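J.: Submitted below is the structure of interest, expressed as structure tokens.
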2 protein chains.
Amino acid sequence: MHTLHNPVAQQFIEQMGHITQADGLPRIAGQILGLLLLESEPLSFAQLAIRLKVSRGSVSTNTRLLESLGVVTRSTPPNQRGDFFRLSEAPYSKLLTGITERMETSKAVVEATRATLPQEMTAAHARLAELGHFYRCYLDSTRTLIQQLEHPRPEATDERSK
Amino acid sequence: MHTLHNPVAQQFIEQMGHITQADGLPRIAGQILGLLLLESEPLSFAQLAIRLKVSRGSVSTNTRLLESLGVVTRSTPPNQRGDFFRLSEAPYSKLLTGITERMETSKAVVEATRATLPQEMTAAHARLAELGHFYRCYLDSTRTLIQQLEHPRPEATDERSK
DNA sequence: CATACTGTTCAGCGTTGACTAAACACCCCA
DNA sequence: TGGGGTGTTTAGTCAACGCTGAACAGTATG
């Protein structure tokens with residue numbers, strides 16, 4: 001009743017699709033995210049398909065993708081039929097956690113090659129060390145950010161409308 | 001003479017291709033990056049094509065991509081013929097700068113919709129505010145990281161080989 | 001037990017994008 | 001003024017992916 005037929009909401013959902021598309025994720029995943037961002041109550045599987053005018057197959061794959069990323073949680077009420085979806089508790093910190101995990105593997109690659117690389121390649125060693133240093137700093141920075149998001153200082157939530 | 005015919009180097013170049021591919025960038029871009037990471041001297045355009053066994057067209061497009069990202073710089077010596085490529089000065093901080101710029105536009109989207117959204121959608125307002133807060137924190141964190149990388153404390157460069 | 005509805009899976013289509021090879025414009029040197 | 005080099009651009013091929021629609025198994029309800 002709220003977001004339906006609201007041009008601002010429609011545009012936002014569309015733009016969220018573009019944003020996720022620019023990040024290499026399916027467009028529909030972003031649209032689901034945008035819809036759940038706006039809607040006050042959890043949405044059912046069928047409602048997602050209807051509101052976004054996409055197939056149930058797309059809803060299935062993309063909801064499971066968003067679940068695996070940790071930004072969306074699925075509720076399956078025992079008595080009621082059908083699954084319901086809403087944003088997770090701390091969606092953005094979970095997103096960052098996934099990013100750091102992927103970066104850990106990249107970091108492991110450069111450290112492994114640096115360990116097995118011939119020592120006479122001094123320039124390569126220095127450059128790989130710099131890259132490893134970057135990974136370490138980035139991971140440290142992101143991890144503190146995650147903690148900051150999970151344990152927010154109460155006055156940090158700014159509510160002013162511009 | 002160094003990286004050529006070295007199995008460790010070959011494997012690293014291949015893995016760098018996989019890493020960039022996972023981030024949505026072409027595989028060859030990562031291979032060029034890996035090669036420049038290992039080589040002590042700047043490499044010519046032709047050498048890149050030969051060493052990676054790819055077409056000159058791919059070298060052209062991907063070197064320009066890496067240039068636009070700020071991680072690779074092109075040298076065109078006046079007397080000598082041909083372009084040469086090497087890693088940029090502070091490659092990783094420039095990379096982060098590009099990321100923050102893209103994120104600024106996403107942040108602008110959520111702030112714009114929040115400003116024009118009907119006020120009775122209180123839940124949506126709160127969630128968009130939380131998302132904007134996330135963007136703000138992420139941008140702050142990344143910006144301080146950029147400064148940290150550009151002005152490193154001297155003892156921060158760790159050289160121990162594991 | 002049958003029926004209706006759930007969410008998942010899979011073949012098919014359309015599109016996108018990486019990559020190649022060839023044509024191209026440019027420059028330096030003979 | 002050619003001729004062999006440069007890097008860029010273009011058409012074309014191929015694989016990967018998003019998305020659909022239908023077939024599928026599972027479950028609760030009549």
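By order of appearance in the structure tokens: chains A, B, ..., then residues from 1 within every chain, and ligands from 1 in the order shown.
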Over all C-alpha pairs taken in sequence order, what does chain A look like after a least-squares fit onto chain B? Please give it as a PDB file with C-alpha atoms, in the first residue's frame.
T.:
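Result file follows (result-v2.pdb):
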```pdb
ATOM      1  CA  MET A   1      64.997 -12.209 -17.884  1.00  0.00           C
ATOM      2  CA  HIS A   2      63.661 -12.433 -14.345  1.00  0.00           C
ATOM      3  CA  THR A   3      60.028 -13.385 -14.455  1.00  0.00           C
ATOM      4  CA  LEU A   4      60.227 -15.202 -17.763  1.00  0.00           C
ATOM      5  CA  HIS A   5      60.194 -18.973 -17.404  1.00  0.00           C
ATOM      6  CA  ASN A   6      59.792 -18.770 -13.646  1.00  0.00           C
ATOM      7  CA  PRO A   7      56.957 -21.061 -12.539  1.00  0.00           C
ATOM      8  CA  VAL A   8      56.226 -19.065  -9.381  1.00  0.00           C
ATOM      9  CA  ALA A   9      55.966 -15.845 -11.370  1.00  0.00           C
ATOM     10  CA  GLN A  10      53.792 -17.488 -14.009  1.00  0.00           C
ATOM     11  CA  GLN A  11      51.443 -18.808 -11.371  1.00  0.00           C
ATOM     12  CA  PHE A  12      51.243 -15.453  -9.641  1.00  0.00           C
ATOM     13  CA  ILE A  13      50.379 -13.675 -12.895  1.00  0.00           C
ATOM     14  CA  GLU A  14      47.687 -16.242 -13.526  1.00  0.00           C
ATOM     15  CA  GLN A  15      46.254 -15.838 -10.039  1.00  0.00           C
ATOM     16  CA  MET A  16      46.235 -12.068 -10.344  1.00  0.00           C
ATOM     17  CA  GLY A  17      44.110 -12.557 -13.426  1.00  0.00           C
ATOM     18  CA  HIS A  18      41.674 -14.638 -11.431  1.00  0.00           C
ATOM     19  CA  ILE A  19      41.497 -12.041  -8.657  1.00  0.00           C
ATOM     20  CA  THR A  20      40.649  -9.180 -10.985  1.00  0.00           C
ATOM     21  CA  GLN A  21      38.188 -11.413 -12.769  1.00  0.00           C
ATOM     22  CA  ALA A  22      36.426 -12.049  -9.465  1.00  0.00           C
ATOM     23  CA  ASP A  23      36.212  -8.282  -9.001  1.00  0.00           C
ATOM     24  CA  GLY A  24      34.522  -7.794 -12.354  1.00  0.00           C
ATOM     25  CA  LEU A  25      37.603  -6.665 -14.239  1.00  0.00           C
ATOM     26  CA  PRO A  26      39.102  -8.383 -17.307  1.00  0.00           C
ATOM     27  CA  ARG A  27      41.500 -11.191 -16.659  1.00  0.00           C
ATOM     28  CA  ILE A  28      44.229  -9.633 -18.767  1.00  0.00           C
ATOM     29  CA  ALA A  29      44.166  -6.459 -16.682  1.00  0.00           C
ATOM     30  CA  GLY A  30      45.112  -8.505 -13.635  1.00  0.00           C
ATOM     31  CA  GLN A  31      47.825 -10.310 -15.560  1.00  0.00           C
ATOM     32  CA  ILE A  32      49.352  -7.022 -16.667  1.00  0.00           C
ATOM     33  CA  LEU A  33      49.225  -5.860 -13.070  1.00  0.00           C
ATOM     34  CA  GLY A  34      50.887  -9.042 -11.865  1.00  0.00           C
ATOM     35  CA  LEU A  35      53.619  -8.752 -14.452  1.00  0.00           C
ATOM     36  CA  LEU A  36      54.340  -5.133 -13.567  1.00  0.00           C
ATOM     37  CA  LEU A  37      54.348  -6.101  -9.896  1.00  0.00           C
ATOM     38  CA  LEU A  38      57.162  -8.565 -10.481  1.00  0.00           C
ATOM     39  CA  GLU A  39      59.268  -6.851 -13.111  1.00  0.00           C
ATOM     40  CA  SER A  40      61.953  -4.469 -11.925  1.00  0.00           C
ATOM     41  CA  GLU A  41      62.090  -2.298 -15.047  1.00  0.00           C
ATOM     42  CA  PRO A  42      59.232  -0.665 -16.974  1.00  0.00           C
ATOM     43  CA  LEU A  43      57.856  -2.887 -19.711  1.00  0.00           C
ATOM     44  CA  SER A  44      57.134  -1.839 -23.258  1.00  0.00           C
ATOM     45  CA  PHE A  45      53.796  -2.233 -24.961  1.00  0.00           C
ATOM     46  CA  ALA A  46      55.144  -4.968 -27.213  1.00  0.00           C
ATOM     47  CA  GLN A  47      56.720  -6.841 -24.313  1.00  0.00           C
ATOM     48  CA  LEU A  48      53.406  -6.963 -22.504  1.00  0.00           C
ATOM     49  CA  ALA A  49      51.767  -8.568 -25.513  1.00  0.00           C
ATOM     50  CA  ILE A  50      54.586 -11.089 -25.951  1.00  0.00           C
ATOM     51  CA  ARG A  51      55.050 -12.065 -22.317  1.00  0.00           C
ATOM     52  CA  LEU A  52      51.340 -12.583 -21.730  1.00  0.00           C
ATOM     53  CA  LYS A  53      50.751 -14.049 -25.200  1.00  0.00           C
ATOM     54  CA  VAL A  54      47.773 -11.778 -25.870  1.00  0.00           C
ATOM     55  CA  SER A  55      46.834  -9.537 -28.762  1.00  0.00           C
ATOM     56  CA  ARG A  56      47.935  -5.909 -28.990  1.00  0.00           C
ATOM     57  CA  GLY A  57      44.306  -4.889 -28.909  1.00  0.00           C
ATOM     58  CA  SER A  58      43.868  -6.418 -25.486  1.00  0.00           C
ATOM     59  CA  VAL A  59      47.037  -4.730 -24.277  1.00  0.00           C
ATOM     60  CA  SER A  60      45.747  -1.398 -25.537  1.00  0.00           C
ATOM     61  CA  THR A  61      42.322  -1.599 -23.894  1.00  0.00           C
ATOM     62  CA  ASN A  62      43.562  -3.025 -20.606  1.00  0.00           C
ATOM     63  CA  THR A  63      46.504  -0.685 -20.169  1.00  0.00           C
ATOM     64  CA  ARG A  64      44.147   2.220 -20.718  1.00  0.00           C
ATOM     65  CA  LEU A  65      41.748   0.696 -18.191  1.00  0.00           C
ATOM     66  CA  LEU A  66      44.518   0.381 -15.599  1.00  0.00           C
ATOM     67  CA  GLU A  67      45.611   3.918 -16.412  1.00  0.00           C
ATOM     68  CA  SER A  68      42.086   5.213 -15.806  1.00  0.00           C
ATOM     69  CA  LEU A  69      42.069   3.399 -12.473  1.00  0.00           C
ATOM     70  CA  GLY A  70      45.329   5.119 -11.589  1.00  0.00           C
ATOM     71  CA  VAL A  71      47.304   1.982 -10.801  1.00  0.00           C
ATOM     72  CA  VAL A  72      49.489   2.041 -13.925  1.00  0.00           C
ATOM     73  CA  THR A  73      51.321   4.943 -15.560  1.00  0.00           C
ATOM     74  CA  ARG A  74      52.448   5.136 -19.132  1.00  0.00           C
ATOM     75  CA  SER A  75      55.821   6.585 -20.127  1.00  0.00           C
ATOM     76  CA  THR A  76      56.403   7.780 -23.664  1.00  0.00           C
ATOM     77  CA  PRO A  77      60.099   8.640 -23.973  1.00  0.00           C
ATOM     78  CA  PRO A  78      60.704  11.367 -26.598  1.00  0.00           C
ATOM     79  CA  ASN A  79      63.689   9.794 -28.285  1.00  0.00           C
ATOM     80  CA  GLN A  80      62.773   6.174 -27.915  1.00  0.00           C
ATOM     81  CA  ARG A  81      59.857   4.650 -29.746  1.00  0.00           C
ATOM     82  CA  GLY A  82      57.080   2.853 -28.017  1.00  0.00           C
ATOM     83  CA  ASP A  83      55.257   3.324 -24.711  1.00  0.00           C
ATOM     84  CA  PHE A  84      56.423   1.891 -21.427  1.00  0.00           C
ATOM     85  CA  PHE A  85      54.359   0.947 -18.408  1.00  0.00           C
ATOM     86  CA  ARG A  86      55.022   0.697 -14.702  1.00  0.00           C
ATOM     87  CA  LEU A  87      53.092   0.788 -11.464  1.00  0.00           C
ATOM     88  CA  SER A  88      51.958   4.243 -10.345  1.00  0.00           C
ATOM     89  CA  GLU A  89      53.381   6.065  -7.353  1.00  0.00           C
ATOM     90  CA  ALA A  90      50.694   5.298  -4.795  1.00  0.00           C
ATOM     91  CA  PRO A  91      48.633   2.787  -6.742  1.00  0.00           C
ATOM     92  CA  TYR A  92      46.415   1.493  -3.987  1.00  0.00           C
ATOM     93  CA  SER A  93      45.375   4.829  -2.577  1.00  0.00           C
ATOM     94  CA  LYS A  94      44.410   5.896  -6.097  1.00  0.00           C
ATOM     95  CA  LEU A  95      42.378   2.728  -6.441  1.00  0.00           C
ATOM     96  CA  LEU A  96      40.550   3.521  -3.219  1.00  0.00           C
ATOM     97  CA  THR A  97      39.917   7.070  -4.395  1.00  0.00           C
ATOM     98  CA  GLY A  98      38.070   5.737  -7.423  1.00  0.00           C
ATOM     99  CA  ILE A  99      35.987   3.463  -5.208  1.00  0.00           C
ATOM    100  CA  THR A 100      34.995   6.321  -2.933  1.00  0.00           C
ATOM    101  CA  GLU A 101      33.944   8.420  -5.908  1.00  0.00           C
ATOM    102  CA  ARG A 102      31.594   5.702  -7.105  1.00  0.00           C
ATOM    103  CA  MET A 103      30.217   5.315  -3.603  1.00  0.00           C
ATOM    104  CA  GLU A 104      29.562   9.046  -3.361  1.00  0.00           C
ATOM    105  CA  THR A 105      27.079   8.786  -6.206  1.00  0.00           C
ATOM    106  CA  SER A 106      25.295   5.877  -4.506  1.00  0.00           C
ATOM    107  CA  LYS A 107      25.129   7.875  -1.308  1.00  0.00           C
ATOM    108  CA  ALA A 108      23.663  10.792  -3.228  1.00  0.00           C
ATOM    109  CA  VAL A 109      20.910   8.530  -4.545  1.00  0.00           C
ATOM    110  CA  VAL A 110      19.702   7.417  -1.126  1.00  0.00           C
ATOM    111  CA  GLU A 111      19.884  10.945   0.262  1.00  0.00           C
ATOM    112  CA  ALA A 112      17.943  12.346  -2.657  1.00  0.00           C
ATOM    113  CA  THR A 113      15.155   9.787  -2.322  1.00  0.00           C
ATOM    114  CA  ARG A 114      15.021  10.261   1.428  1.00  0.00           C
ATOM    115  CA  ALA A 115      14.573  13.987   0.900  1.00  0.00           C
ATOM    116  CA  THR A 116      11.689  13.570  -1.539  1.00  0.00           C
ATOM    117  CA  LEU A 117      10.003  10.609   0.110  1.00  0.00           C
ATOM    118  CA  PRO A 118       6.600  11.190   1.798  1.00  0.00           C
ATOM    119  CA  GLN A 119       7.070  11.749   5.504  1.00  0.00           C
ATOM    120  CA  GLU A 120       4.410   9.236   6.519  1.00  0.00           C
ATOM    121  CA  MET A 121       6.749   6.425   5.444  1.00  0.00           C
ATOM    122  CA  THR A 122       8.578   6.500   8.755  1.00  0.00           C
ATOM    123  CA  ALA A 123      10.091   3.037   8.513  1.00  0.00           C
ATOM    124  CA  ALA A 124      11.548   3.745   5.104  1.00  0.00           C
ATOM    125  CA  HIS A 125      12.981   7.031   6.335  1.00  0.00           C
ATOM    126  CA  ALA A 126      14.694   5.313   9.236  1.00  0.00           C
ATOM    127  CA  ARG A 127      16.151   2.608   7.045  1.00  0.00           C
ATOM    128  CA  LEU A 128      17.429   5.048   4.448  1.00  0.00           C
ATOM    129  CA  ALA A 129      18.970   7.078   7.241  1.00  0.00           C
ATOM    130  CA  GLU A 130      20.776   3.965   8.445  1.00  0.00           C
ATOM    131  CA  LEU A 131      22.010   3.297   4.932  1.00  0.00           C
ATOM    132  CA  GLY A 132      23.210   6.871   4.582  1.00  0.00           C
ATOM    133  CA  HIS A 133      24.957   6.519   7.918  1.00  0.00           C
ATOM    134  CA  PHE A 134      26.714   3.437   6.619  1.00  0.00           C
ATOM    135  CA  TYR A 135      27.881   5.279   3.526  1.00  0.00           C
ATOM    136  CA  ARG A 136      29.192   8.140   5.631  1.00  0.00           C
ATOM    137  CA  CYS A 137      31.124   5.826   7.948  1.00  0.00           C
ATOM    138  CA  TYR A 138      32.525   3.816   5.066  1.00  0.00           C
ATOM    139  CA  LEU A 139      33.662   6.940   3.242  1.00  0.00           C
ATOM    140  CA  ASP A 140      35.260   8.362   6.373  1.00  0.00           C
ATOM    141  CA  SER A 141      37.064   5.107   7.050  1.00  0.00           C
ATOM    142  CA  THR A 142      38.322   4.812   3.508  1.00  0.00           C
ATOM    143  CA  ARG A 143      39.475   8.400   3.322  1.00  0.00           C
ATOM    144  CA  THR A 144      41.568   8.097   6.468  1.00  0.00           C
ATOM    145  CA  LEU A 145      42.976   4.863   5.059  1.00  0.00           C
ATOM    146  CA  ILE A 146      43.969   6.708   1.886  1.00  0.00           C
ATOM    147  CA  GLN A 147      45.818   9.336   3.893  1.00  0.00           C
ATOM    148  CA  GLN A 148      47.470   6.639   5.954  1.00  0.00           C
ATOM    149  CA  LEU A 149      48.720   4.922   2.792  1.00  0.00           C
ATOM    150  CA  GLU A 150      49.977   8.152   1.238  1.00  0.00           C
ATOM    151  CA  HIS A 151      51.803   9.317   4.364  1.00  0.00           C
ATOM    152  CA  PRO A 152      53.057   6.067   5.903  1.00  0.00           C
ATOM    153  CA  ARG A 153      54.740   5.985   9.249  1.00  0.00           C
ATOM    154  CA  PRO A 154      58.253   4.797   8.317  1.00  0.00           C
ATOM    155  CA  GLU A 155      58.384   1.796  10.624  1.00  0.00           C
ATOM    156  CA  ALA A 156      55.061   0.549   9.269  1.00  0.00           C
ATOM    157  CA  THR A 157      56.717  -1.105   6.261  1.00  0.00           C
ATOM    158  CA  ASP A 158      57.191  -4.643   7.486  1.00  0.00           C
ATOM    159  CA  GLU A 159      59.874  -6.567   5.652  1.00  0.00           C
ATOM    160  CA  ARG A 160      59.917  -9.877   7.476  1.00  0.00           C
ATOM    161  CA  SER A 161      59.469 -12.826   5.099  1.00  0.00           C
ATOM    162  CA  LYS A 162      56.746 -14.532   7.129  1.00  0.00           C
TER     163      LYS A 162
END
```
J.: Please find the residues of chain D near chain B - the criterion being any atom within 8 Å, counting only C-alpha atoms (C1' of nucleotides) - and write them as a PyMOL selection string.
T.: chain D and resi 6-8
J.: Enter the distance from C1' of DT15 (chain C) to C1' of DG12 (chain D), in Å, rounded to one decimal.
T.: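 The value is 16.0 Å.
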J.: One number please: C1' of DA4 (chain C) to C1' of DG21 (chain D), in Å, one decimal.
T.: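 So the two atoms, C1' of DA4 (chain C) and C1' of DG21 (chain D), lie 19.3 Å apart.
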J.: In region 3-55 of chain B, what's helix (DSSP H, G or I) per DSSP? Answer as a ChimeraX atom specification?
T.: /B:7-22,27-38,45-52
J.: Residues as selected, N, CA and C atoms, written as an mmCIF file, in the first residue's frame, can you do that?
T.:
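After the write, selection.cif holds the following:
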```cif
data_model
loop_
_atom_site.group_PDB
_atom_site.id
_atom_site.type_symbol
_atom_site.label_atom_id
_atom_site.label_comp_id
_atom_site.auth_asym_id
_atom_site.auth_seq_id
_atom_site.Cartn_x
_atom_site.Cartn_y
_atom_site.Cartn_z
ATOM 1 N N PRO B 7 58.180 -20.588 -12.841
ATOM 2 C CA PRO B 7 56.839 -21.139 -12.565
ATOM 3 C C PRO B 7 56.096 -20.372 -11.498
ATOM 4 N N VAL B 8 56.795 -19.902 -10.470
ATOM 5 C CA VAL B 8 56.130 -19.137 -9.412
ATOM 6 C C VAL B 8 55.551 -17.850 -9.974
ATOM 7 N N ALA B 9 56.347 -17.179 -10.803
ATOM 8 C CA ALA B 9 55.877 -15.931 -11.394
ATOM 9 C C ALA B 9 54.701 -16.185 -12.320
ATOM 10 N N GLN B 10 54.797 -17.202 -13.127
ATOM 11 C CA GLN B 10 53.699 -17.530 -14.038
ATOM 12 C C GLN B 10 52.405 -17.772 -13.266
ATOM 13 N N GLN B 11 52.518 -18.526 -12.189
ATOM 14 C CA GLN B 11 51.333 -18.840 -11.401
ATOM 15 C C GLN B 11 50.746 -17.581 -10.765
ATOM 16 N N PHE B 12 51.645 -16.711 -10.281
ATOM 17 C CA PHE B 12 51.167 -15.471 -9.657
ATOM 18 C C PHE B 12 50.420 -14.614 -10.667
ATOM 19 N N ILE B 13 50.969 -14.486 -11.870
ATOM 20 C CA ILE B 13 50.305 -13.692 -12.911
ATOM 21 C C ILE B 13 48.930 -14.262 -13.214
ATOM 22 N N GLU B 14 48.869 -15.572 -13.284
ATOM 23 C CA GLU B 14 47.586 -16.223 -13.543
ATOM 24 C C GLU B 14 46.590 -15.929 -12.420
ATOM 25 N N GLN B 15 47.054 -16.041 -11.178
ATOM 26 C CA GLN B 15 46.165 -15.808 -10.045
ATOM 27 C C GLN B 15 45.709 -14.352 -9.980
ATOM 28 N N MET B 16 46.592 -13.438 -10.317
ATOM 29 C CA MET B 16 46.179 -12.031 -10.348
ATOM 30 C C MET B 16 45.067 -11.835 -11.367
ATOM 31 N N GLY B 17 45.142 -12.560 -12.476
ATOM 32 C CA GLY B 17 44.043 -12.513 -13.443
ATOM 33 C C GLY B 17 42.742 -12.991 -12.842
ATOM 34 N N HIS B 18 42.812 -14.046 -12.062
ATOM 35 C CA HIS B 18 41.595 -14.561 -11.432
ATOM 36 C C HIS B 18 41.030 -13.554 -10.438
ATOM 37 N N ILE B 19 41.912 -12.906 -9.685
ATOM 38 C CA ILE B 19 41.462 -11.958 -8.668
ATOM 39 C C ILE B 19 40.716 -10.793 -9.312
ATOM 40 N N THR B 20 41.308 -10.195 -10.322
ATOM 41 C CA THR B 20 40.638 -9.071 -10.980
ATOM 42 C C THR B 20 39.348 -9.528 -11.643
ATOM 43 N N GLN B 21 39.355 -10.751 -12.153
ATOM 44 C CA GLN B 21 38.140 -11.270 -12.765
ATOM 45 C C GLN B 21 37.021 -11.378 -11.728
ATOM 46 N N ALA B 22 37.366 -11.795 -10.508
ATOM 47 C CA ALA B 22 36.364 -11.893 -9.450
ATOM 48 C C ALA B 22 35.845 -10.516 -9.056
ATOM 49 N N ARG B 27 40.358 -10.267 -17.163
ATOM 50 C CA ARG B 27 41.433 -11.108 -16.663
ATOM 51 C C ARG B 27 42.805 -10.549 -17.058
ATOM 52 N N ILE B 28 42.885 -10.047 -18.286
ATOM 53 C CA ILE B 28 44.171 -9.563 -18.783
ATOM 54 C C ILE B 28 44.657 -8.370 -17.983
ATOM 55 N N ALA B 29 43.744 -7.544 -17.499
ATOM 56 C CA ALA B 29 44.152 -6.398 -16.676
ATOM 57 C C ALA B 29 44.923 -6.882 -15.449
ATOM 58 N N GLY B 30 44.410 -7.908 -14.807
ATOM 59 C CA GLY B 30 45.094 -8.448 -13.646
ATOM 60 C C GLY B 30 46.431 -9.067 -14.006
ATOM 61 N N GLN B 31 46.505 -9.694 -15.163
ATOM 62 C CA GLN B 31 47.773 -10.295 -15.578
ATOM 63 C C GLN B 31 48.825 -9.228 -15.836
ATOM 64 N N ILE B 32 48.414 -8.133 -16.459
ATOM 65 C CA ILE B 32 49.344 -7.020 -16.668
ATOM 66 C C ILE B 32 49.824 -6.494 -15.316
ATOM 67 N N LEU B 33 48.877 -6.339 -14.412
ATOM 68 C CA LEU B 33 49.227 -5.857 -13.075
ATOM 69 C C LEU B 33 50.224 -6.802 -12.409
ATOM 70 N N GLY B 34 49.963 -8.086 -12.485
ATOM 71 C CA GLY B 34 50.867 -9.050 -11.875
ATOM 72 C C GLY B 34 52.253 -9.010 -12.490
ATOM 73 N N LEU B 35 52.293 -8.848 -13.798
ATOM 74 C CA LEU B 35 53.593 -8.791 -14.474
ATOM 75 C C LEU B 35 54.368 -7.550 -14.056
ATOM 76 N N LEU B 36 53.679 -6.412 -13.979
ATOM 77 C CA LEU B 36 54.350 -5.175 -13.574
ATOM 78 C C LEU B 36 54.737 -5.221 -12.100
ATOM 79 N N LEU B 37 54.005 -6.006 -11.324
ATOM 80 C CA LEU B 37 54.345 -6.156 -9.901
ATOM 81 C C LEU B 37 55.681 -6.862 -9.761
ATOM 82 N N LEU B 38 55.938 -7.801 -10.638
ATOM 83 C CA LEU B 38 57.134 -8.637 -10.498
ATOM 84 C C LEU B 38 58.349 -8.049 -11.204
ATOM 85 N N PHE B 45 55.138 -1.817 -24.465
ATOM 86 C CA PHE B 45 53.846 -2.286 -24.964
ATOM 87 C C PHE B 45 53.996 -3.653 -25.626
ATOM 88 N N ALA B 46 54.980 -3.778 -26.483
ATOM 89 C CA ALA B 46 55.163 -5.038 -27.216
ATOM 90 C C ALA B 46 55.510 -6.173 -26.262
ATOM 91 N N GLN B 47 56.339 -5.885 -25.261
ATOM 92 C CA GLN B 47 56.721 -6.937 -24.318
ATOM 93 C C GLN B 47 55.514 -7.475 -23.561
ATOM 94 N N LEU B 48 54.600 -6.566 -23.205
ATOM 95 C CA LEU B 48 53.389 -7.012 -22.509
ATOM 96 C C LEU B 48 52.625 -8.014 -23.367
ATOM 97 N N ALA B 49 52.471 -7.696 -24.644
ATOM 98 C CA ALA B 49 51.725 -8.593 -25.532
ATOM 99 C C ALA B 49 52.427 -9.939 -25.665
ATOM 100 N N ILE B 50 53.764 -9.907 -25.764
ATOM 101 C CA ILE B 50 54.508 -11.156 -25.975
ATOM 102 C C ILE B 50 54.513 -12.001 -24.718
ATOM 103 N N ARG B 51 54.842 -11.375 -23.593
ATOM 104 C CA ARG B 51 54.975 -12.127 -22.344
ATOM 105 C C ARG B 51 53.655 -12.767 -21.920
ATOM 106 N N LEU B 52 52.546 -12.069 -22.147
ATOM 107 C CA LEU B 52 51.246 -12.608 -21.744
ATOM 108 C C LEU B 52 50.582 -13.382 -22.875
#
```
J.: I need the chain C residues near chain B as a PyMOL selection string; criterion: at most 9 Å, counting only C-alpha atoms (C1' of nucleotides).
T.: chain C and resi 18-21+28
J.: Create the file for the chosen residues now, containing C-alpha atoms (C1' of nucleotides) and written as a JSON list (two decimals), in the first residue's frame.
T.:
```json
[["chain", "number", "residue", "atom", "x", "y", "z"],
["C", 18, "DA", "C1'", 36.21, -10.24, -23.23],
["C", 19, "DC", "C1'", 39.23, -11.30, -26.67],
["C", 20, "DT", "C1'", 41.22, -11.69, -31.41],
["C", 21, "DA", "C1'", 42.61, -10.27, -35.89],
["C", 28, "DC", "C1'", 60.44, 8.21, -37.13]]
```
J.: Grab the C1' of DA28 (chain D) to C1' of DT8 (chain C) distance for me, in Å with one decimal place.
T.: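 Separation of C1' of DA28 (chain D) and C1' of DT8 (chain C): 17.8 Å.
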J.: Write out as a VMD selection string which residues come within 12 Å of DA25 (chain D) when counting only C-alpha atoms (C1' of nucleotides), dropping same-chain ones fewer than 4 positions away.
T.: chain C and resid 6 to 9
J.: Write the selection just made, keeping C-alpha atoms (C1' of nucleotides), as a JSON list (two decimals), in the first residue's frame?
T.:
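Saved as out.json:
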```
[["chain", "number", "residue", "atom", "x", "y", "z"],
["C", 6, "DT", "C1'", 4.88, -23.42, -2.12],
["C", 7, "DG", "C1'", 10.02, -22.65, -3.62],
["C", 8, "DT", "C1'", 13.68, -24.79, -6.46],
["C", 9, "DT", "C1'", 15.73, -26.28, -10.71]]
```
